[in-house]
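Content type mmCIF, C-alpha atoms, from the file target_1.cif:
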```cif
data_query
#
loop_
_atom_site.label_atom_id
_atom_site.label_comp_id
_atom_site.auth_asym_id
_atom_site.auth_seq_id
_atom_site.Cartn_x
_atom_site.Cartn_y
_atom_site.Cartn_z
CA MET A 1 84.19 156.84 48.92
CA ALA A 2 83.05 155.09 52.10
CA GLY A 3 85.29 152.33 53.47
CA PHE A 4 88.34 153.51 51.52
CA ARG A 5 91.33 155.47 52.66
CA SER A 6 93.98 157.25 50.64
CA LEU A 7 97.56 156.11 51.24
CA SER A 8 100.80 157.44 49.81
CA SER A 9 103.87 155.39 48.90
CA GLY A 10 105.38 157.19 45.94
CA LEU A 11 102.14 157.08 43.97
CA ARG A 12 98.86 157.60 45.80
CA THR A 13 96.66 154.54 45.81
CA LEU A 14 93.28 153.64 47.16
CA VAL A 15 93.26 150.54 49.34
CA PRO A 16 90.12 148.99 50.84
CA GLU A 17 90.13 149.44 54.59
CA GLY A 18 89.58 145.75 55.14
CA PHE A 19 93.00 144.99 53.62
CA GLY A 20 94.58 146.54 56.69
CA ALA A 21 98.07 148.04 56.60
CA ASP A 22 101.61 146.86 55.96
CA PRO A 23 104.07 147.09 58.87
CA SER A 24 106.42 150.05 58.73
CA GLY A 25 108.84 152.03 60.89
CA GLU A 26 109.96 150.45 64.15
CA ARG A 27 107.44 147.63 63.73
CA LEU A 28 109.05 146.61 60.45
CA ALA A 29 112.51 146.97 61.97
CA ARG A 30 111.49 144.61 64.78
CA ILE A 31 110.17 142.13 62.23
CA ARG A 32 113.50 142.15 60.41
CA ARG A 33 115.31 141.45 63.71
CA SER A 34 113.16 138.38 64.39
CA PRO A 35 115.06 135.06 64.36
CA HIS A 36 112.12 133.67 62.36
CA PHE A 37 112.42 136.24 59.58
CA GLU A 38 114.85 135.37 56.80
CA ASP A 39 115.28 136.26 53.13
CA GLY A 40 112.59 138.91 53.44
CA VAL A 41 109.82 136.68 54.81
CA PHE A 42 108.77 134.85 57.97
CA GLN A 43 109.82 131.21 57.88
CA ASN A 44 107.82 128.18 58.98
CA PRO A 45 109.20 125.78 61.57
CA GLY A 46 110.79 122.78 59.90
CA GLY A 47 111.49 124.60 56.66
CA LEU A 48 109.42 125.42 53.62
CA ALA A 49 105.67 124.86 53.70
CA ARG A 50 103.65 125.02 50.50
CA THR A 51 101.29 127.95 50.93
CA ARG A 52 99.73 127.78 47.47
CA PRO A 53 97.56 124.87 46.30
CA SER A 54 99.51 122.05 44.72
CA GLY A 55 98.46 120.66 41.35
CA SER A 56 96.93 122.65 38.52
CA ALA A 57 94.28 125.32 38.82
CA LEU A 58 92.10 123.20 36.54
CA GLU A 59 92.29 120.19 38.85
CA LEU A 60 91.36 122.35 41.83
CA ALA A 61 88.46 123.94 39.95
CA LYS A 62 87.13 120.52 38.96
CA VAL A 63 87.03 119.46 42.61
CA PHE A 64 85.44 122.70 43.85
CA PHE A 65 82.75 122.83 41.19
CA ASP A 66 81.94 119.13 40.96
CA ARG A 67 78.15 118.91 40.69
CA GLU A 68 77.87 115.79 42.82
CA THR A 69 80.00 116.81 45.79
CA ARG A 70 79.42 120.58 45.83
CA PRO A 71 76.01 120.38 47.59
CA ARG A 72 77.62 118.38 50.42
CA ARG A 73 79.85 121.34 51.32
CA ALA A 74 76.97 123.20 52.97
CA PRO A 75 74.36 122.12 55.53
CA SER A 76 71.15 120.72 54.09
CA GLY A 77 69.07 122.54 56.69
CA THR A 78 69.29 125.20 59.40
CA VAL A 79 72.29 124.76 61.68
CA PRO A 80 71.05 124.36 65.28
CA VAL A 81 72.78 127.34 66.89
CA HIS A 82 72.54 127.38 70.68
CA PRO A 83 70.51 130.41 71.83
CA THR A 84 73.27 131.81 74.02
CA THR A 85 71.99 134.43 76.44
CA VAL A 86 73.63 137.12 78.51
CA ALA A 87 72.58 135.08 81.56
CA ASP A 88 74.53 132.05 80.26
CA LEU A 89 77.73 134.06 80.36
CA ALA A 90 76.97 136.23 83.40
CA LYS A 91 77.37 133.37 85.87
CA PRO A 92 81.04 132.53 86.51
CA PRO A 93 82.09 128.98 85.61
CA VAL A 94 81.79 126.62 88.55
CA THR A 95 85.11 124.94 87.78
CA GLY A 96 86.98 128.13 86.84
CA LEU A 97 87.14 127.30 83.12
CA ARG A 98 84.37 127.59 80.53
CA LEU A 99 84.60 127.61 76.74
CA THR A 100 82.00 128.88 74.28
CA TRP A 101 82.62 128.07 70.61
CA MET A 102 81.01 130.84 68.56
CA GLY A 103 81.69 129.08 65.23
CA HIS A 104 84.78 128.66 63.05
CA SER A 105 87.82 129.55 65.23
CA SER A 106 86.05 132.07 67.48
CA VAL A 107 86.03 130.95 71.11
CA LEU A 108 85.26 132.81 74.32
CA ALA A 109 87.39 131.33 77.11
CA GLU A 110 86.53 132.24 80.69
CA ILE A 111 89.59 131.17 82.63
CA ASP A 112 90.49 131.81 86.25
CA GLY A 113 88.36 134.91 86.52
CA GLN A 114 89.28 136.50 83.19
CA ARG A 115 87.80 136.46 79.72
CA VAL A 116 89.77 135.76 76.56
CA LEU A 117 88.24 136.01 73.08
CA PHE A 118 90.08 134.10 70.35
CA ASP A 119 89.87 135.04 66.64
CA PRO A 120 86.50 136.83 66.84
CA VAL A 121 84.66 136.83 63.50
CA TRP A 122 81.19 138.37 63.71
CA GLY A 123 81.09 139.56 60.09
CA GLU A 124 78.76 138.05 57.50
CA ARG A 125 81.63 137.24 55.13
CA CYS A 126 85.32 136.50 55.62
CA SER A 127 86.42 139.05 53.03
CA PRO A 128 87.56 142.67 52.69
CA PHE A 129 84.30 143.35 50.86
CA PRO A 130 80.69 143.12 52.12
CA PHE A 131 79.44 141.79 48.77
CA ALA A 132 81.91 138.97 48.01
CA GLY A 133 83.74 136.12 49.68
CA PRO A 134 82.67 133.09 51.75
CA ARG A 135 79.42 133.76 53.59
CA ARG A 136 78.39 132.44 56.99
CA LEU A 137 76.50 129.13 57.02
CA HIS A 138 74.89 129.96 60.36
CA PRO A 139 74.26 133.20 62.26
CA VAL A 140 76.46 134.29 65.14
CA PRO A 141 75.06 132.86 68.39
CA LEU A 142 74.65 136.29 69.99
CA PRO A 143 75.51 139.93 69.25
CA LEU A 144 79.08 140.98 69.95
CA ALA A 145 77.94 143.57 72.46
CA ALA A 146 76.11 140.88 74.43
CA LEU A 147 79.40 139.16 75.29
CA GLY A 148 80.08 141.76 77.95
CA GLU A 149 83.57 142.88 78.90
CA VAL A 150 86.51 140.97 77.47
CA ASP A 151 89.95 141.27 79.07
CA VAL A 152 91.97 140.36 75.99
CA VAL A 153 91.32 139.53 72.33
CA VAL A 154 93.81 137.04 70.91
CA ILE A 155 94.45 136.87 67.14
CA SER A 156 96.23 133.91 65.56
CA HIS A 157 97.01 135.48 62.16
CA ASP A 158 95.72 137.99 59.68
CA HIS A 159 93.64 135.90 57.25
CA TYR A 160 90.07 137.12 56.79
CA ASP A 161 88.43 134.18 58.56
CA HIS A 162 90.46 134.95 61.71
CA LEU A 163 91.01 138.71 61.65
CA ASP A 164 87.66 140.30 60.81
CA TRP A 165 87.93 144.04 60.39
CA PRO A 166 84.29 144.96 61.20
CA THR A 167 84.60 142.97 64.43
CA ILE A 168 87.92 144.59 65.35
CA LYS A 169 86.54 148.05 64.61
CA ALA A 170 83.66 147.33 66.99
CA LEU A 171 86.03 146.06 69.69
CA ALA A 172 88.32 149.05 69.17
CA GLY A 173 85.70 151.12 70.98
CA THR A 174 86.04 149.02 74.16
CA ASP A 175 88.78 148.83 76.77
CA THR A 176 89.99 145.36 75.79
CA LEU A 177 93.64 144.57 75.11
CA PHE A 178 94.77 142.74 71.96
CA ALA A 179 97.45 140.03 71.86
CA VAL A 180 98.62 139.51 68.28
CA PRO A 181 101.55 137.98 66.38
CA LEU A 182 104.38 140.24 65.25
CA GLY A 183 103.31 142.66 62.50
CA VAL A 184 99.56 142.16 62.88
CA GLY A 185 99.33 145.28 65.02
CA ALA A 186 99.64 147.40 61.87
CA HIS A 187 96.19 146.23 60.75
CA LEU A 188 94.64 146.92 64.15
CA GLU A 189 96.09 150.40 64.41
CA ARG A 190 94.58 151.26 61.02
CA TRP A 191 91.20 150.13 62.35
CA GLY A 192 91.33 152.33 65.43
CA VAL A 193 93.09 150.28 68.13
CA SER A 194 95.53 152.46 70.05
CA PRO A 195 99.14 151.19 70.26
CA ASP A 196 99.06 151.11 74.07
CA ARG A 197 96.38 148.38 73.90
CA LEU A 198 98.48 146.11 71.68
CA ARG A 199 100.65 143.24 72.88
CA GLU A 200 102.54 142.22 69.73
CA LEU A 201 104.61 139.05 70.14
CA ASP A 202 107.12 136.91 68.29
CA TRP A 203 107.10 133.14 68.83
CA HIS A 204 108.10 132.16 72.38
CA GLU A 205 107.43 135.65 73.72
CA ALA A 206 104.87 136.12 76.48
CA THR A 207 102.78 138.89 77.99
CA LYS A 208 100.79 139.24 81.20
CA VAL A 209 97.13 140.23 81.25
CA GLY A 210 95.91 140.34 84.80
CA GLY A 211 96.55 136.90 86.25
CA LEU A 212 97.03 135.26 82.85
CA THR A 213 100.22 134.60 80.90
CA LEU A 214 99.75 134.54 77.12
CA THR A 215 102.52 132.99 75.03
CA ALA A 216 102.76 133.06 71.23
CA THR A 217 103.89 129.62 70.07
CA PRO A 218 104.88 128.32 66.61
CA ALA A 219 102.40 127.24 63.94
CA ARG A 220 102.89 126.06 60.35
CA HIS A 221 100.92 128.40 58.14
CA PHE A 222 101.26 131.73 56.28
CA CYS A 223 99.81 135.25 56.24
CA GLY A 224 98.52 138.02 54.01
CA ARG A 225 95.42 140.13 53.34
CA GLY A 226 96.16 142.47 50.46
CA LEU A 227 96.85 142.08 46.78
CA ARG A 228 100.47 141.27 47.62
CA ASN A 229 101.36 138.55 50.14
CA THR A 230 104.51 140.06 51.63
CA GLN A 231 104.84 137.53 54.50
CA HIS A 232 105.56 140.45 56.83
CA THR A 233 103.09 139.42 59.51
CA LEU A 234 103.57 136.38 61.68
CA TRP A 235 101.12 133.54 62.40
CA ALA A 236 100.95 131.82 65.78
CA SER A 237 99.26 129.38 68.08
CA TRP A 238 98.65 130.54 71.65
CA VAL A 239 99.06 129.20 75.18
CA VAL A 240 97.02 130.90 77.89
CA ALA A 241 97.91 129.95 81.47
CA GLY A 242 96.18 131.10 84.64
CA ALA A 243 96.70 130.25 88.28
CA GLU A 244 94.69 127.02 87.97
CA HIS A 245 94.05 126.32 84.30
CA ARG A 246 95.92 126.11 81.02
CA ILE A 247 94.48 126.19 77.46
CA TYR A 248 95.83 126.12 73.91
CA HIS A 249 94.49 127.58 70.65
CA SER A 250 96.10 126.28 67.45
CA GLY A 251 95.10 129.02 65.03
CA ASP A 252 95.61 127.61 61.52
CA THR A 253 98.44 125.13 61.09
CA GLY A 254 99.66 122.06 59.35
CA TYR A 255 100.82 119.16 61.48
CA PHE A 256 104.48 119.39 62.57
CA ASP A 257 106.78 118.20 65.36
CA GLY A 258 106.49 121.49 67.21
CA PHE A 259 103.34 120.37 69.03
CA ARG A 260 105.43 118.04 71.16
CA GLU A 261 107.86 120.86 71.94
CA THR A 262 105.02 123.23 72.88
CA GLY A 263 103.48 120.54 75.11
CA ALA A 264 106.79 119.86 76.83
CA ALA A 265 107.35 123.58 77.46
CA HIS A 266 103.82 124.64 78.42
CA GLY A 267 101.52 121.59 78.89
CA THR A 268 99.58 119.70 79.81
CA PHE A 269 96.33 121.49 79.02
CA ASP A 270 92.84 121.39 80.48
CA ALA A 271 91.54 122.01 76.96
CA THR A 272 92.91 122.51 73.47
CA MET A 273 91.15 124.27 70.60
CA ILE A 274 92.46 122.58 67.47
CA GLN A 275 91.89 123.36 63.76
CA ILE A 276 90.34 120.32 62.06
CA GLY A 277 88.50 121.84 59.07
CA ALA A 278 89.22 123.33 55.63
CA TYR A 279 91.82 120.66 54.90
CA SER A 280 92.63 119.32 51.45
CA GLU A 281 95.22 117.25 49.63
CA PHE A 282 95.82 120.45 47.64
CA TRP A 283 97.29 122.21 50.73
CA PRO A 284 98.47 119.50 53.18
CA ASP A 285 101.23 121.63 54.76
CA ILE A 286 99.09 124.42 56.21
CA HIS A 287 95.85 122.83 57.53
CA MET A 288 95.27 119.63 59.47
CA THR A 289 92.84 116.80 58.91
CA PRO A 290 90.83 115.72 61.97
CA GLU A 291 93.17 112.78 62.53
CA GLU A 292 96.17 115.10 62.43
CA GLY A 293 94.36 117.46 64.80
CA LEU A 294 93.87 114.61 67.26
CA ARG A 295 97.55 113.72 66.92
CA ALA A 296 98.45 117.35 67.64
CA HIS A 297 96.31 117.30 70.79
CA LEU A 298 97.96 114.10 72.00
CA ASP A 299 101.41 115.57 71.28
CA LEU A 300 100.53 118.62 73.34
CA GLN A 301 99.44 116.32 76.18
CA GLY A 302 102.65 114.32 76.25
CA GLY A 303 101.36 111.49 74.09
CA GLU A 304 98.49 110.34 76.30
CA PRO A 305 94.75 111.11 76.10
CA SER A 306 93.94 113.82 78.61
CA GLY A 307 92.10 117.11 78.86
CA VAL A 308 89.39 117.97 76.35
CA LEU A 309 89.79 118.57 72.62
CA LEU A 310 87.50 121.26 71.16
CA PRO A 311 87.50 121.08 67.34
CA ILE A 312 87.53 124.49 65.66
CA HIS A 313 87.74 125.95 62.13
CA TRP A 314 84.76 124.09 60.71
CA GLY A 315 81.00 124.40 60.27
CA THR A 316 80.77 128.17 59.66
CA PHE A 317 82.35 128.88 56.27
CA ASN A 318 82.73 126.78 53.12
CA LEU A 319 86.50 126.96 52.56
CA ALA A 320 87.53 123.54 51.23
CA PRO A 321 86.33 120.66 49.02
CA HIS A 322 85.41 118.30 51.86
CA ALA A 323 81.81 117.73 52.97
CA TRP A 324 80.47 120.22 55.51
CA ALA A 325 79.88 117.56 58.20
CA GLU A 326 82.99 115.50 57.54
CA PRO A 327 85.25 117.26 60.09
CA GLY A 328 82.73 116.58 62.86
CA GLU A 329 82.25 112.93 61.93
CA TRP A 330 85.93 112.24 61.44
CA THR A 331 86.97 113.98 64.69
CA LYS A 332 84.33 112.11 66.67
CA ASP A 333 85.47 108.78 65.23
CA ALA A 334 89.19 109.43 65.71
CA ALA A 335 88.79 110.70 69.29
CA GLU A 336 86.60 107.74 70.30
CA ALA A 337 89.13 105.32 68.83
CA ALA A 338 91.93 106.95 70.82
CA GLY A 339 89.97 107.23 74.06
CA GLN A 340 90.24 111.01 73.97
CA ALA A 341 87.48 113.27 75.33
CA VAL A 342 86.20 115.56 72.58
CA ALA A 343 83.73 118.44 72.98
CA LEU A 344 81.20 118.81 70.17
CA PRO A 345 79.08 121.82 71.17
CA ARG A 346 76.60 123.53 68.93
CA PRO A 347 77.79 127.02 68.03
CA GLY A 348 77.22 129.21 71.06
CA GLU A 349 76.85 126.35 73.58
CA PRO A 350 78.95 127.02 76.71
CA PHE A 351 80.57 124.07 78.50
CA GLU A 352 83.11 123.45 81.22
CA PRO A 353 85.83 120.93 80.33
CA ALA A 354 85.82 119.59 83.89
CA GLY A 355 82.03 119.17 83.79
CA LYS A 356 79.61 117.63 81.34
CA VAL A 357 81.13 117.83 77.86
CA PRO A 358 78.71 118.03 74.88
CA ALA A 359 79.20 114.96 72.68
CA GLU A 360 76.07 114.73 70.49
CA ALA A 361 76.60 114.62 66.72
CA TRP A 362 74.20 117.54 66.23
CA TRP A 363 75.22 118.09 62.59
CA ARG A 364 73.64 114.83 61.40
CA GLY A 365 70.16 116.32 61.34
CA VAL A 366 71.19 118.99 58.82
CA SER A 367 73.79 117.17 56.76
CA ALA A 368 73.77 115.18 53.56
CA PRO A 369 75.15 111.65 54.06
CA VAL A 370 78.90 111.73 54.67
CA VAL A 371 80.94 109.74 52.19
CA ARG A 372 83.87 108.58 54.29
CA SER A 373 87.45 109.05 53.14
CA TRP A 374 88.89 107.50 56.32
CA ASP A 375 88.44 104.07 57.84
CA ARG A 376 88.36 103.68 61.58
CA ALA A 377 87.57 99.95 61.24
CA GLU A 378 91.05 99.28 59.86
CA ARG A 379 92.78 100.63 62.96
CA PRO A 380 93.96 97.95 65.42
CA GLY A 381 91.46 97.57 68.25
CA ALA A 382 89.01 100.04 66.77
CA ALA A 383 85.30 99.59 67.24
CA PRO A 384 83.02 99.00 64.22
CA ALA A 385 82.50 102.11 62.11
CA ALA A 386 78.78 101.81 61.43
CA ARG A 387 76.72 104.98 61.80
CA ASP A 388 72.96 105.04 61.32
CA GLY A 389 71.92 107.06 58.29
CA LEU A 390 75.44 107.59 56.99
CA ASP A 391 77.08 106.33 53.84
CA LEU A 392 80.31 104.80 55.11
CA ALA A 393 81.77 103.83 51.74
CA GLY A 394 85.38 104.93 51.60
CA ASP A 395 88.30 104.81 49.25
CA ARG A 396 91.06 104.01 51.72
#
```
Please lay out the structure from this file as structure tokens.
Amino acid sequence: MAGFRSLSSGLRTLVPEGFGADPSGERLARIRRSPHFEDGVFQNPGGLARTRPSGSALELAKVFFDRETRPRRAPSGTVPVHPTTVADLAKPPVTGLRLTWMGHSSVLAEIDGQRVLFDPVWGERCSPFPFAGPRRLHPVPLPLAALGEVDVVVISHDHYDHLDWPTIKALAGTDTLFAVPLGVGAHLERWGVSPDRLRELDWHEATKVGGLTLTATPARHFCGRGLRNTQHTLWASWVVAGAEHRIYHSGDTGYFDGFRETGAAHGTFDATMIQIGAYSEFWPDIHMTPEEGLRAHLDLQGGEPSGVLLPIHWGTFNLAPHAWAEPGEWTKDAAEAAGQAVALPRPGEPFEPAGKVPAEAWWRGVSAPVVRSWDRAERPGAAPAARDGLDLAGDR
């Protein structure tokens, strides 16, 4: 029975390999000692966050299967993926920092002579099964093996669109280290990563990888891969600091006051990678809208526009009711209104935050018209909101 492994816990059960493994032994004991673990589960900063969709299942189904809006949740043509080459990544960044967004939340960061790969998802579907689950809307920009050596892989949490078991199994055969939130190491060990290559951290803990310091910082989200969501693995955002540069990856998170605290403790940042997609009024506590993502970036930067914001968690998988292109449009509008530099690369397009930052709205050529649900024109001092070829009618 390929892809399955027999486990024993009283009764013997068959669990798909992609589900991973529950923490046990000393790992579970460490989880129970965490100051963020209470009443048998990890707790979010600021108290309870709703991790299940609000409203009725019928209301949610009506939104997801609406005949008029459903076609807008996917590109209307072929996504223009940048043809990343080995040569693109072989040359060291001139400024010492280069980011390559591979789609969704996967980013290769080349920082101060080392290479960090965030939330790598090279699989065709974000699912434990090869035949079901959300499928990619564009191909990966280049094969995983073409990335070359990676010093450390950083995982934000164990959801399928961030922790991809075929990708981890492929990386398990390399010499890379893995920095993961507390408990997530159980999944990686099941998939062939040796314990000595794991750096498993609670919030506010740090580890050194070469000349880099990686710190797990709070996020407002949840966890779980199997049939039972035991909340026994932690979720995190990450700060990576080198001798000259400092970057931040949000993972998945709702907006909360902790961004200011993280910025005060670790900022400011040359670049932030912020989740701005897969948001919905049905789950406002655990994902951010583009405007909230911009606010998070500004909080991290001490309240003032600085550094470069790279929007992530959009464009690759259809995970929410909003239009496919809406996160890009909304982020571009909000950042321009705030005077904040925002990078809008095609998937696979390398850029240096201190150099020329890609700003073209590349998605417009393969998107249905975006029906706006935000209104930049109402903001004090904002420029007119007109966009050629777009339907700007909004309801607020």
Near-region 36-50 of chain A list (9 Å; only C-alpha atoms; drop same-chain fewer than 3 positions) as a CSV table (one decimal) with C-alpha atoms, in the coordinates of the input:
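File produced: selection19.csv:
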```
chain,number,residue,atom,x,y,z
A,31,ILE,CA,110.2,142.1,62.2
A,32,ARG,CA,113.5,142.2,60.4
A,33,ARG,CA,115.3,141.4,63.7
A,53,PRO,CA,97.6,124.9,46.3
A,54,SER,CA,99.5,122.0,44.7
A,202,ASP,CA,107.1,136.9,68.3
A,203,TRP,CA,107.1,133.1,68.8
A,218,PRO,CA,104.9,128.3,66.6
A,219,ALA,CA,102.4,127.2,63.9
A,220,ARG,CA,102.9,126.1,60.4
A,221,HIS,CA,100.9,128.4,58.1
A,222,PHE,CA,101.3,131.7,56.3
A,230,THR,CA,104.5,140.1,51.6
A,231,GLN,CA,104.8,137.5,54.5
A,232,HIS,CA,105.6,140.4,56.8
A,233,THR,CA,103.1,139.4,59.5
A,234,LEU,CA,103.6,136.4,61.7
A,235,TRP,CA,101.1,133.5,62.4
A,254,GLY,CA,99.7,122.1,59.4
A,256,PHE,CA,104.5,119.4,62.6
A,257,ASP,CA,106.8,118.2,65.4
A,258,GLY,CA,106.5,121.5,67.2
A,283,TRP,CA,97.3,122.2,50.7
A,284,PRO,CA,98.5,119.5,53.2
A,285,ASP,CA,101.2,121.6,54.8
A,286,ILE,CA,99.1,124.4,56.2
```
Please report, as a Markdown table, each residue of region 153-247 of chain A lying at most 12 Å from region 315-319 of chain A, together with the nearest pair of atoms and the separation in Å rounded to one decimal; use all atoms listed in the file, and order rows by chain and ascending residue number.
```
| residue | atom | partner | partner_atom | distance |
| --- | --- | --- | --- | --- |
| A:Tyr160 | CA | A:Phe317 | CA | 11.3 |
| A:Asp161 | CA | A:Phe317 | CA | 8.4 |
| A:His162 | CA | A:Phe317 | CA | 11.5 |
```
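Taking CA of Thr85 (chain A) and CA of Asp175 (chain A) as the two end points, the separation is 22.1 Å.
The neighbours of Val240 (chain A) here are the residues that come within 8 Å of it, using only C-alpha atoms and leaving out any residue fewer than 6 positions away in the same chain; they are Leu212, Thr213, Leu214, Thr215, Arg246, Ile247 and Tyr248 of chain A.
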Go ahead and write the selection's residues with C-alpha atoms as a CSV table (one decimal), in the coordinates of the input.
```csv
chain,number,residue,atom,x,y,z
A,212,LEU,CA,97.0,135.3,82.8
A,213,THR,CA,100.2,134.6,80.9
A,214,LEU,CA,99.8,134.5,77.1
A,215,THR,CA,102.5,133.0,75.0
A,246,ARG,CA,95.9,126.1,81.0
A,247,ILE,CA,94.5,126.2,77.5
A,248,TYR,CA,95.8,126.1,73.9
```
Residues matched by the PyMOL selection byres ((chain A and resi 344) around 10), written as an mmCIF file with C-alpha atoms, keeping the file's coordinate frame:
```cif
data_model
loop_
_atom_site.group_PDB
_atom_site.id
_atom_site.type_symbol
_atom_site.label_atom_id
_atom_site.label_comp_id
_atom_site.auth_asym_id
_atom_site.auth_seq_id
_atom_site.Cartn_x
_atom_site.Cartn_y
_atom_site.Cartn_z
ATOM 1 C CA TRP A 101 82.620 128.070 70.610
ATOM 2 C CA LEU A 309 89.790 118.570 72.620
ATOM 3 C CA LEU A 310 87.500 121.260 71.160
ATOM 4 C CA PRO A 311 87.500 121.080 67.340
ATOM 5 C CA ILE A 312 87.530 124.490 65.660
ATOM 6 C CA GLY A 328 82.730 116.580 62.860
ATOM 7 C CA THR A 331 86.970 113.980 64.690
ATOM 8 C CA LYS A 332 84.330 112.110 66.670
ATOM 9 C CA ALA A 341 87.480 113.270 75.330
ATOM 10 C CA VAL A 342 86.200 115.560 72.580
ATOM 11 C CA ALA A 343 83.730 118.440 72.980
ATOM 12 C CA PRO A 345 79.080 121.820 71.170
ATOM 13 C CA ARG A 346 76.600 123.530 68.930
ATOM 14 C CA PRO A 347 77.790 127.020 68.030
ATOM 15 C CA GLU A 349 76.850 126.350 73.580
ATOM 16 C CA PHE A 351 80.570 124.070 78.500
ATOM 17 C CA VAL A 357 81.130 117.830 77.860
ATOM 18 C CA PRO A 358 78.710 118.030 74.880
ATOM 19 C CA ALA A 359 79.200 114.960 72.680
ATOM 20 C CA GLU A 360 76.070 114.730 70.490
ATOM 21 C CA ALA A 361 76.600 114.620 66.720
ATOM 22 C CA TRP A 362 74.200 117.540 66.230
ATOM 23 C CA TRP A 363 75.220 118.090 62.590
#
```
**OP:** Tell me which protein, DNA and RNA residues are within 10 Å of Leu298 (chain A), counting all atoms listed in the file, leaving out same-chain ones fewer than 3 positions away, and put them as a VMD selection string.
**Re:** chain A and resid 259 to 260 263 268 272 292 to 295 301 to 307 309 338 340
Using the chain letters and numbers from this file, what does the PyMOL selection byres ((chain A and resi 133) around 12) select? Give the answer as a PDB file with C-alpha atoms, keeping the file's coordinate frame.
```
ATOM      1  CA  GLY A 123      81.090 139.560  60.090  1.00  0.00           C
ATOM      2  CA  GLU A 124      78.760 138.050  57.500  1.00  0.00           C
ATOM      3  CA  ARG A 125      81.630 137.240  55.130  1.00  0.00           C
ATOM      4  CA  CYS A 126      85.320 136.500  55.620  1.00  0.00           C
ATOM      5  CA  SER A 127      86.420 139.050  53.030  1.00  0.00           C
ATOM      6  CA  PRO A 128      87.560 142.670  52.690  1.00  0.00           C
ATOM      7  CA  PHE A 129      84.300 143.350  50.860  1.00  0.00           C
ATOM      8  CA  PRO A 130      80.690 143.120  52.120  1.00  0.00           C
ATOM      9  CA  PHE A 131      79.440 141.790  48.770  1.00  0.00           C
ATOM     10  CA  ALA A 132      81.910 138.970  48.010  1.00  0.00           C
ATOM     11  CA  PRO A 134      82.670 133.090  51.750  1.00  0.00           C
ATOM     12  CA  ARG A 135      79.420 133.760  53.590  1.00  0.00           C
ATOM     13  CA  ARG A 136      78.390 132.440  56.990  1.00  0.00           C
ATOM     14  CA  TYR A 160      90.070 137.120  56.790  1.00  0.00           C
ATOM     15  CA  ASP A 161      88.430 134.180  58.560  1.00  0.00           C
ATOM     16  CA  PHE A 317      82.350 128.880  56.270  1.00  0.00           C
ATOM     17  CA  ASN A 318      82.730 126.780  53.120  1.00  0.00           C
ATOM     18  CA  LEU A 319      86.500 126.960  52.560  1.00  0.00           C
TER      19      LEU A 319
END
```
Name the residues, using the chain letters and numbers of the file, that sit within 6 Å of (95.9, 121.4, 60.4) when counting all atoms listed in the file, and give them as an mmCIF file with C-alpha atoms, in the frame of the given file.
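Okay, this is what ended up in out-v4.cif:
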```
data_model
loop_
_atom_site.group_PDB
_atom_site.id
_atom_site.type_symbol
_atom_site.label_atom_id
_atom_site.label_comp_id
_atom_site.auth_asym_id
_atom_site.auth_seq_id
_atom_site.Cartn_x
_atom_site.Cartn_y
_atom_site.Cartn_z
ATOM 1 C CA THR A 253 98.440 125.130 61.090
ATOM 2 C CA GLY A 254 99.660 122.060 59.350
ATOM 3 C CA TYR A 255 100.820 119.160 61.480
ATOM 4 C CA GLN A 275 91.890 123.360 63.760
ATOM 5 C CA ILE A 276 90.340 120.320 62.060
ATOM 6 C CA HIS A 287 95.850 122.830 57.530
ATOM 7 C CA MET A 288 95.270 119.630 59.470
ATOM 8 C CA THR A 289 92.840 116.800 58.910
#
```
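As for CA of Glu205 (chain A) and CA of Gly251 (chain A), they are spaced 16.5 Å apart.
Here CA of Glu26 (chain A) and CA of Cys223 (chain A) stand 19.9 Å from one another.
In terms of minimum interatomic distance to Ser156 (chain A), A:Pro120 ranks closest within A:Glu189, A:Pro120, A:Ile168, A:Thr176, counting all atoms listed in the file.
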Original post:
A:Ser194, A:Ser250, A:Leu97, A:Tyr279: which is nearest Phe118 (chain A), counting all atoms listed in the file?
Top reply: A:Ser250
When the PyMOL selection byres ((chain A and resi 140) around 9) is applied to the structure above, which residues does it catch, written out as a short mmCIF file (atom, residue, chain, number, x, y, z; two decimals) with C-alpha atoms, in the frame of the given file?
```
data_model
loop_
_atom_site.label_atom_id
_atom_site.label_comp_id
_atom_site.auth_asym_id
_atom_site.auth_seq_id
_atom_site.Cartn_x
_atom_site.Cartn_y
_atom_site.Cartn_z
CA VAL A 81 72.78 127.34 66.89
CA MET A 102 81.01 130.84 68.56
CA GLY A 103 81.69 129.08 65.23
CA VAL A 121 84.66 136.83 63.50
CA TRP A 122 81.19 138.37 63.71
CA GLY A 123 81.09 139.56 60.09
CA GLU A 124 78.76 138.05 57.50
CA ARG A 136 78.39 132.44 56.99
CA HIS A 138 74.89 129.96 60.36
CA PRO A 139 74.26 133.20 62.26
CA PRO A 141 75.06 132.86 68.39
CA LEU A 142 74.65 136.29 69.99
CA PRO A 143 75.51 139.93 69.25
CA LEU A 144 79.08 140.98 69.95
CA PRO A 347 77.79 127.02 68.03
CA GLY A 348 77.22 129.21 71.06
#
```
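When all atoms listed in the file are used to measure the gap to Thr69 (chain A), the shortest distance among A:Pro321, A:Gly148, A:Gly339, A:Pro181 belongs to A:Pro321.
With distances restricted to all atoms listed in the file, A:Leu188 is the closest residue to Ala172 (chain A) from A:Leu108, A:Val239, A:Ala271, A:Leu188.
Residue nearest Glu17 (chain A) within the list A:His249, A:Arg372, A:Arg190, A:Lys356: A:Arg190 [criterion: smallest interatomic distance, all atoms listed in the file].
Between Trp238 (chain A) and the candidates A:Leu117, A:Leu147, A:Leu198, A:Ala170, the tightest atom-to-atom separation, counting only C-alpha atoms, involves A:Leu117.
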